[in-house]
Amino acid sequence: MEQSAIGEAERLNRGCFCITLDRGALTEALDREVGAEGFAAQLIASHPTLFSAVPLFVPATVVAEMMRIVAAVEAAARLAPYRATALASAPAIATTDFGPLGAFMGYDFHVTPGGPQLIEVNTNAGGAFLNAVLARAQRACCAQEPEQAGLEPAAPFADDVTHMFTDEWRRQRGSGEPARIAIVDDAPEQQYLYPEFQLAKALFEHHGMETVIADPGQLALVGGRLNFDGRPVDLVYNRLVDFALEEPRHATLRDAYVGGDVVVTPNPHVYALIADKRNLALLSDIGLTGLPTLLIVTIIRVRPRELISFEPVRSQLLFVM
């Protein structure tokens with residue numbers, strides 16, 4: 001790994017306070033995205049530490065290494081020996097592949113002197129919608145700093161997100177796009193990232209897809225279609241942490257998913273293949289994955305030895321490091 005790039009990032013992290021959060025721009029952007037004046041003020045009051053005022057710099061070489069690890073993990077997940085082993089211990093609901101790859105997969109890394117190390121994969125990762133707004137509210141007070149920091153015009157986030165969810169839909173349905181999306185979580189209004197659900201809803205609706213935010217208990221299965229408030233739901237953006245949909249209160253969503261009556265992303269199959277914590281120990285097994293040696297050298301950066309214990313918490317798993 002290039003020491004010059006690492007040294008520059010460390011220098012900026014120690015001494016650069018030029019690039020700061022423009023809170024006025026952030027407030028305007030949040031209100032504009034949701035279409036509700038006062039949304040930002042309420043969010044900042046209820047989540048005072050959600051947005052950092054200063055950046056953390058990561059060398060481009062480290063980011064590139066992270067991307068190589070992600071590519072290696074996803075390459076392993078496509079191989080028959082790995083899939084067979086991972087799914088052998090998974091619940092029955094996870095064995096059927098309906099097609100979707102999983103929207104907003106999250107790969108969590110620790111950045112160490114020896115390089116980035118993968119410590120967890122999340123199928124219900126949050127924060128992307130909030131970070132997209134945050135990125136547009138950054139400012140630089142030194143003319144040279146934006147280029148050094150990699151602050152470039154924001155990517156077409158909304159278009160990319162719309163394409164991602166449309167692609168998830170087409171992987172299961174073949175063509176078209178979902179007319180109605182439900183963002184589903186338990187008691188969504190009580191979730192810490194409920195404001196992100198509101199941002200996601202606004203984005204989808206801006207692109208012509210009606211969107212609701214729903215608790216699983218508000219869903220009904222009627223005539224082979226998942227319904228919310230008496231009308232069909234085509235796609236569920238799943239933010240539940242009951243990854244196998246095992247809890248009784250999720251039975252309606254589970255039945256609709258198993259029957260192929262609704263597209264669910266991310267779903268139990270994707271979780272079992274990639275995000276189940278037990279799979280971290282499988283990824284560096286050369287005989288199991290059958291990956292080329294070069295990819296094994298990359299993928300071995302996962303840290304199975306740091307999985308200290310798995311303890312049941314209700315019907316979920318607690319990841320302890």
# chains A, B, ... in the order shown; residues from 1 in each chain; ligands from 1
>>> select_by_dssp(residues="region 140-235 of chain A", states="alpha helix (DSSP H)", output="ChimeraX atom specification")
/A:145-149,157-173,194-206
>>> residues_around(residues="Tyr194 (chain A)", least_positions_apart="3", cutoff="12 Å", atoms="only C-alpha atoms", output="ChimeraX atom specification")
/A:39,43,46-47,126-127,129-130,183-191,197-201,213-215,239
>>> residues_around(residues="region 260-274 of chain A", least_positions_apart="2", cutoff="6 Å", atoms="only C-alpha atoms", output="PDB file with C-alpha atoms, in the first residue's frame")
ATOM      1  CA  ALA A  86     -23.378 -21.438   3.324  1.00  0.00           C
ATOM      2  CA  ALA A  94     -33.179 -18.760   2.474  1.00  0.00           C
ATOM      3  CA  GLY A 102     -29.795  -7.051  -2.308  1.00  0.00           C
ATOM      4  CA  ALA A 103     -30.227  -3.278  -2.305  1.00  0.00           C
ATOM      5  CA  THR A 123     -27.939  -6.483   4.165  1.00  0.00           C
ATOM      6  CA  GLY A 224     -51.907 -13.486  -3.951  1.00  0.00           C
ATOM      7  CA  ARG A 225     -50.818  -9.846  -3.577  1.00  0.00           C
ATOM      8  CA  ASP A 234     -45.019  -4.448  -5.630  1.00  0.00           C
ATOM      9  CA  LEU A 235     -41.651  -4.212  -3.875  1.00  0.00           C
ATOM     10  CA  VAL A 236     -40.614  -4.180  -0.220  1.00  0.00           C
ATOM     11  CA  TYR A 237     -37.477  -2.269   0.742  1.00  0.00           C
ATOM     12  CA  ASN A 238     -36.722  -4.443   3.752  1.00  0.00           C
ATOM     13  CA  PHE A 243     -33.247 -11.612   8.546  1.00  0.00           C
ATOM     14  CA  ALA A 244     -35.116 -14.909   8.055  1.00  0.00           C
ATOM     15  CA  ALA A 256     -45.792 -13.170   0.528  1.00  0.00           C
ATOM     16  CA  TYR A 257     -42.037 -13.551   0.035  1.00  0.00           C
ATOM     17  CA  VAL A 258     -42.083 -17.362   0.004  1.00  0.00           C
ATOM     18  CA  ASP A 276     -24.515 -14.292   7.965  1.00  0.00           C
TER      19      ASP A 276
END
>>> closest_residue(among="A:Thr85, A:Val58, A:Pro100, A:Val73", to="Thr112 (chain A)", atoms="only C-alpha atoms")
A:Val58
>>> select_by_dssp(residues="region 153-281 of chain A", states="strand (DSSP E or B)", output="list in words")
Arg180, Ile181, Ala182, Ile183, Val184, Glu210, Thr211, Val212, Ile213, Ala214, Leu219, Ala220, Leu221, Val222, Arg225, Leu226, Asn227, Phe228, Arg231, Pro232, Leu235, Val236, Tyr237, Asn238, Val263, Val264 and Thr265 of chain A
>>> atom_distance(atom1="CA of Asp31 (chain A)", atom2="CA of Val161 (chain A)")
19.7 Å
>>> residues_around(residues="Glu33 (chain A)", least_positions_apart="2", cutoff="9 Å", atoms="only C-alpha atoms", output="list in words")
Glu28, Ala29, Leu30, Asp31, Gly35, Ala36, Val133, Leu199, Ala202 and Leu203 of chain A
>>> write_last_selection(atoms="N, CA and C atoms", output="compact mmCIF listing (two decimals), in the first residue's frame")
# COMPACT_ATOMS: atom_id res chain seq x y z
N GLU A 28 -31.25 23.43 4.19
CA GLU A 28 -32.03 23.68 2.98
C GLU A 28 -32.19 22.41 2.15
N ALA A 29 -31.11 21.62 2.05
CA ALA A 29 -31.16 20.41 1.24
C ALA A 29 -32.13 19.39 1.84
N LEU A 30 -32.08 19.21 3.15
CA LEU A 30 -32.96 18.24 3.80
C LEU A 30 -34.43 18.63 3.63
N ASP A 31 -34.74 19.90 3.87
CA ASP A 31 -36.12 20.36 3.71
C ASP A 31 -36.58 20.20 2.27
N GLY A 35 -39.47 17.85 1.08
CA GLY A 35 -40.60 18.70 0.71
C GLY A 35 -41.38 19.18 1.91
N ALA A 36 -40.69 19.36 3.04
CA ALA A 36 -41.37 19.79 4.26
C ALA A 36 -40.48 20.76 5.02
N VAL A 133 -27.20 13.61 1.03
CA VAL A 133 -27.52 15.01 1.31
C VAL A 133 -26.33 15.69 1.97
N LEU A 199 -36.56 10.34 3.55
CA LEU A 199 -35.78 10.76 2.38
C LEU A 199 -35.92 9.76 1.24
N ALA A 202 -39.31 10.14 -0.43
CA ALA A 202 -39.35 11.32 -1.31
C ALA A 202 -38.61 11.05 -2.62
N LEU A 203 -37.47 10.37 -2.54
CA LEU A 203 -36.69 10.08 -3.75
C LEU A 203 -37.47 9.17 -4.69
>>> closest_residue(among="A:Leu219, A:Gly230, A:His163, A:Val34", to="Glu205 (chain A)", atoms="only C-alpha atoms")
A:Val34
>>> atom_distance(atom1="CA of Ile181 (chain A)", atom2="CA of Thr211 (chain A)")
4.7 Å
